[in-house]
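Step one of this worksheet: look at the structure below.
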Amino acid sequence: MSKNILIIEDEKDIIEMLRFNLSKEGFTVSSALSGEEGLRLARSNPPNLILLDLMLPGINGLDICKLLKSDDKTGHIPIVMLTAKDEDIDIVTGLEVGADDYITKPFSPKILIARLRAVLRRHQLKGEEKEPSIKIGSLLIDPGKYTVTLENKNLQLTATEFQLVYTLAKRPGWVFSRTQLVDKIRGEDHIISDRAVDVQIANLRKKLGKFGDYIETVRGAGYKFKEFS
Ligand code: CA
């Protein structure tokens, strides 16, 4: 079955270049010239992956990413951001709001396709692994559904926050360095700063409410999840 890629990008030349190269590799391609149109397409006919330009007229790419990731119909779709070289802050923000990867313009079609395949593969593995849920009192971490609930209320975690809490809680008492956590959440060799990990952990603690202090800082080493029974 061929995978469908939705391209949200306002530059027609880039869409055509992508369409040409992706079709050649056996993907089917749909495209939208604005974020609004992209949202509509993603909801009506969910693709296997979305290539999302960050600089869009109207609603910008980061907001589109947030909307897609928080929507039940589209939240599971992997998103690869297309960014300019000088958009580092946007890349970090994009990853924080749940984007799965990014590629900077200008890019080689070959590298882009390799990245897309890697994201799709990772995503498929995620779906296939039937990992057990973790329950601590009223907190439930469910890797099958990719959700964390507290007193039966769904906490709105980003994909990265979910990966972090699941990684830590799976091995209570085990100390993870920031570098190890970056590896876990990215699965590849991209560079995310330690500082970005700290920011994510801080957000996560807030969202976990009374369970926030289960994530402990180990001075000079990293983070661990408090042991529970
Ligand atoms: Ca653009």
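In the structure tokens, chains take letters A, B, ... by order of appearance, with residues numbered from 1 within each chain and ligands from 1 in the order shown.
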
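Using only C-alpha atoms, the residues found no farther than 12 Å from Val199 in chain A, other than those of its own chain fewer than 4 positions away, are Val92, Thr93, Leu95, Glu96, Thr160, Glu161, Leu164, Arg178, Ile192, Ser193, Asp194, Arg195, Asn203, Leu204, Arg205 and Lys206 of chain A.
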
Next item on the list: May I have the residues within 10 Å of Arg19 in chain A as a list in words, using only C-alpha atoms and disregarding those fewer than 4 positions away in the same chain?
Entry: Ile5, Leu6, Ile7, Asp13, Ile14, Ile15, Ser23, Lys24, Glu25, Phe27, Thr28, Val29, Ser30 and Ser31 of chain A

Notebook entry, point to check: Using only C-alpha atoms and all ligand atoms, what are the residues with an atom within 9 Å of ligand 1, set out as a VMD selection string?
Noted result: chain A and resid 8 to 11 53 to 57 61 82 to 83

Next item on the list: Extract the full set of helix (DSSP H, G or I) residues from range 16-181 of chain A according to DSSP on the backbone, and format it as a PyMOL selection string.
Entry: chain A and resi 16-24+35-44+61-69+88-96+109-128+159-170+178-181

Next item on the list: For Ile134 in chain A, please output as a PyMOL selection string all residues within 8 Å (counting only C-alpha atoms; exclusion window: fewer than 3 positions along the same chain).
Entry: chain A and resi 140-142+169-170

Next item on the list: From range 98-159 of chain A, collect each residue whose DSSP state is strand (DSSP E or B) and return the set as a ChimeraX atom specification.
Entry: /A:101-105,134-136,139-142,147-150,153-155

Would you mind exporting all heavy atoms of the selected residues as a compact mmCIF listing (two decimals), in the first residue's frame?
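So selection-v1.txt came out as:
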# COMPACT_ATOMS: atom_id res chain seq x y z
N ASP A 101 10.04 15.48 13.32
CA ASP A 101 11.37 15.70 12.77
C ASP A 101 11.32 17.01 11.98
O ASP A 101 10.26 17.62 11.84
CB ASP A 101 11.78 14.54 11.85
CG ASP A 101 13.29 14.39 11.76
OD1 ASP A 101 14.01 15.32 12.19
OD2 ASP A 101 13.75 13.36 11.27
N TYR A 102 12.48 17.42 11.47
CA TYR A 102 12.50 18.63 10.65
C TYR A 102 13.60 18.48 9.61
O TYR A 102 14.50 17.66 9.75
CB TYR A 102 12.79 19.86 11.51
CG TYR A 102 14.16 19.84 12.13
CD1 TYR A 102 15.25 20.41 11.47
CD2 TYR A 102 14.38 19.23 13.36
CE1 TYR A 102 16.52 20.37 12.03
CE2 TYR A 102 15.64 19.18 13.91
CZ TYR A 102 16.70 19.76 13.25
OH TYR A 102 17.96 19.70 13.79
N ILE A 103 13.48 19.27 8.56
CA ILE A 103 14.57 19.33 7.58
C ILE A 103 14.70 20.79 7.16
O ILE A 103 13.70 21.49 7.03
CB ILE A 103 14.32 18.36 6.41
CG1 ILE A 103 15.56 18.24 5.54
CG2 ILE A 103 13.11 18.73 5.59
CD1 ILE A 103 15.68 16.91 4.82
N THR A 104 15.95 21.23 7.03
CA THR A 104 16.14 22.65 6.69
C THR A 104 16.30 22.82 5.18
O THR A 104 16.90 22.00 4.51
CB THR A 104 17.37 23.23 7.40
OG1 THR A 104 18.47 22.34 7.23
CG2 THR A 104 17.13 23.39 8.89
N LYS A 105 15.72 23.92 4.69
CA LYS A 105 15.85 24.28 3.28
C LYS A 105 17.18 25.01 3.07
O LYS A 105 17.55 25.79 3.94
CB LYS A 105 14.72 25.23 2.87
CG LYS A 105 13.34 24.66 2.96
CD LYS A 105 12.36 25.77 2.59
CE LYS A 105 10.92 25.32 2.77
NZ LYS A 105 9.97 26.40 2.55
N ILE A 134 1.56 1.84 32.49
CA ILE A 134 2.13 2.03 33.82
C ILE A 134 1.09 2.76 34.66
O ILE A 134 0.55 3.78 34.25
CB ILE A 134 3.43 2.87 33.73
CG1 ILE A 134 4.46 2.14 32.89
CG2 ILE A 134 3.97 3.17 35.13
CD1 ILE A 134 5.65 2.99 32.49
N LYS A 135 0.81 2.18 35.83
CA LYS A 135 -0.20 2.79 36.70
C LYS A 135 0.41 3.12 38.05
O LYS A 135 1.00 2.26 38.69
CB LYS A 135 -1.37 1.81 36.87
CG LYS A 135 -2.63 2.46 37.38
CD LYS A 135 -3.78 1.46 37.36
CE LYS A 135 -5.09 2.07 37.83
NZ LYS A 135 -5.03 3.09 38.83
N ILE A 136 0.28 4.37 38.44
CA ILE A 136 0.75 4.79 39.76
C ILE A 136 -0.41 5.54 40.40
O ILE A 136 -0.71 6.68 40.01
CB ILE A 136 1.95 5.75 39.66
CG1 ILE A 136 3.01 5.18 38.72
CG2 ILE A 136 2.55 6.05 41.04
CD1 ILE A 136 3.87 6.23 38.07
N LEU A 139 -2.63 7.89 38.32
CA LEU A 139 -1.93 8.27 37.09
C LEU A 139 -1.76 7.04 36.20
O LEU A 139 -1.28 6.00 36.65
CB LEU A 139 -0.55 8.84 37.43
CG LEU A 139 0.27 9.40 36.27
CD1 LEU A 139 -0.30 10.74 35.80
CD2 LEU A 139 1.73 9.56 36.66
N LEU A 140 -2.18 7.16 34.94
CA LEU A 140 -2.06 6.03 34.02
C LEU A 140 -1.32 6.48 32.76
O LEU A 140 -1.74 7.41 32.07
CB LEU A 140 -3.45 5.50 33.65
CG LEU A 140 -3.45 4.33 32.67
CD1 LEU A 140 -2.91 3.05 33.32
CD2 LEU A 140 -4.86 4.08 32.13
N ILE A 141 -0.20 5.80 32.48
CA ILE A 141 0.57 6.09 31.27
C ILE A 141 0.34 4.94 30.30
O ILE A 141 0.68 3.80 30.60
CB ILE A 141 2.08 6.21 31.60
CG1 ILE A 141 2.31 7.26 32.70
CG2 ILE A 141 2.88 6.56 30.34
CD1 ILE A 141 3.74 7.30 33.23
N ASP A 142 -0.29 5.25 29.17
CA ASP A 142 -0.69 4.19 28.24
C ASP A 142 0.04 4.35 26.91
O ASP A 142 -0.34 5.18 26.08
CB ASP A 142 -2.21 4.27 28.02
CG ASP A 142 -2.71 3.11 27.17
OD1 ASP A 142 -1.89 2.53 26.41
OD2 ASP A 142 -3.91 2.81 27.23
N THR A 147 -1.26 8.08 25.63
CA THR A 147 -1.90 9.08 26.49
C THR A 147 -1.44 8.91 27.94
O THR A 147 -1.01 7.84 28.35
CB THR A 147 -3.44 8.92 26.50
OG1 THR A 147 -3.76 7.59 26.90
CG2 THR A 147 -4.05 9.23 25.15
N VAL A 148 -1.55 10.00 28.68
CA VAL A 148 -1.37 9.96 30.12
C VAL A 148 -2.64 10.53 30.72
O VAL A 148 -3.08 11.62 30.35
CB VAL A 148 -0.15 10.80 30.57
CG1 VAL A 148 -0.02 10.79 32.08
CG2 VAL A 148 1.13 10.26 29.93
N THR A 149 -3.26 9.77 31.64
CA THR A 149 -4.46 10.29 32.28
C THR A 149 -4.23 10.41 33.78
O THR A 149 -3.51 9.60 34.38
CB THR A 149 -5.69 9.40 32.02
OG1 THR A 149 -5.38 8.05 32.41
CG2 THR A 149 -6.09 9.40 30.57
N LEU A 150 -4.81 11.43 34.35
CA LEU A 150 -4.73 11.67 35.79
C LEU A 150 -6.16 11.77 36.28
O LEU A 150 -6.92 12.62 35.81
CB LEU A 150 -3.95 12.96 36.05
CG LEU A 150 -3.82 13.42 37.50
CD1 LEU A 150 -3.13 12.38 38.36
CD2 LEU A 150 -3.04 14.73 37.56
N LYS A 153 -8.64 11.95 33.63
CA LYS A 153 -8.63 13.10 32.72
C LYS A 153 -7.36 13.03 31.87
O LYS A 153 -6.27 12.86 32.40
CB LYS A 153 -8.68 14.41 33.50
CG LYS A 153 -10.10 14.91 33.66
CD LYS A 153 -10.10 16.34 34.18
CE LYS A 153 -10.98 16.47 35.40
NZ LYS A 153 -10.38 16.52 36.69
N ASN A 154 -7.56 13.20 30.56
CA ASN A 154 -6.42 13.14 29.65
C ASN A 154 -5.55 14.38 29.80
O ASN A 154 -6.02 15.50 29.66
CB ASN A 154 -6.97 13.03 28.22
CG ASN A 154 -5.88 12.70 27.23
OD1 ASN A 154 -4.71 12.55 27.59
ND2 ASN A 154 -6.27 12.59 25.97
N LEU A 155 -4.26 14.18 30.11
CA LEU A 155 -3.34 15.31 30.19
C LEU A 155 -2.88 15.59 28.76
O LEU A 155 -2.52 14.67 28.04
CB LEU A 155 -2.13 14.97 31.06
CG LEU A 155 -2.44 14.50 32.48
CD1 LEU A 155 -1.16 14.19 33.22
CD2 LEU A 155 -3.26 15.54 33.23

Checklist line | Proximity to Leu67 in chain A - best of A:Arg43, A:Lys224, A:Arg219, A:Lys85, only C-alpha atoms | finding: A:Arg43

Notebook entry, point to check: Do you know which residues are at most 10 Å from Leu112 in chain A counting only C-alpha atoms, after dropping those on the same chain fewer than 3 positions away, and could you put them as a PyMOL selection string?
Noted result: chain A and resi 18+21-22+80+82+102-104+107-109+115-118

Would you put the residues from that selection into a file with N, CA and C atoms, as a compact mmCIF listing (two decimals), in the first residue's frame?
# COMPACT_ATOMS: atom_id res chain seq x y z
N LEU A 18 8.78 18.37 -4.73
CA LEU A 18 8.51 17.28 -3.79
C LEU A 18 7.59 16.24 -4.41
N ASN A 21 9.56 14.03 -6.80
CA ASN A 21 10.47 13.08 -6.15
C ASN A 21 9.76 12.02 -5.31
N LEU A 22 8.70 12.44 -4.64
CA LEU A 22 7.98 11.49 -3.78
C LEU A 22 7.21 10.47 -4.64
N VAL A 80 6.72 16.23 9.73
CA VAL A 80 8.10 16.67 9.49
C VAL A 80 8.04 18.13 9.07
N LEU A 82 9.37 21.68 7.57
CA LEU A 82 10.32 22.27 6.61
C LEU A 82 10.67 23.66 7.13
N TYR A 102 12.48 17.42 11.47
CA TYR A 102 12.50 18.63 10.65
C TYR A 102 13.60 18.48 9.61
N ILE A 103 13.48 19.27 8.56
CA ILE A 103 14.57 19.33 7.58
C ILE A 103 14.70 20.79 7.16
N THR A 104 15.95 21.23 7.03
CA THR A 104 16.14 22.65 6.69
C THR A 104 16.30 22.82 5.18
N PHE A 107 17.19 21.51 0.76
CA PHE A 107 17.50 20.13 1.14
C PHE A 107 17.65 19.28 -0.12
N SER A 108 18.32 18.17 0.02
CA SER A 108 18.41 17.26 -1.12
C SER A 108 17.22 16.31 -1.03
N PRO A 109 16.54 16.08 -2.16
CA PRO A 109 15.38 15.19 -2.15
C PRO A 109 15.73 13.82 -1.57
N ARG A 115 14.77 10.66 5.43
CA ARG A 115 14.20 11.11 6.70
C ARG A 115 12.74 10.68 6.84
N LEU A 116 11.98 10.89 5.76
CA LEU A 116 10.56 10.54 5.81
C LEU A 116 10.39 9.05 6.08
N ARG A 117 11.19 8.25 5.39
CA ARG A 117 11.09 6.81 5.59
C ARG A 117 11.42 6.44 7.04
N ALA A 118 12.44 7.09 7.59
CA ALA A 118 12.82 6.80 8.99
C ALA A 118 11.68 7.16 9.94

Check: CA of Tyr146 in chain A and CA of Glu131 in chain A, how far apart in Å?
Finding: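 Answer for the CA of Glu131 in chain A to CA of Tyr146 in chain A separation: 10.5 Å.
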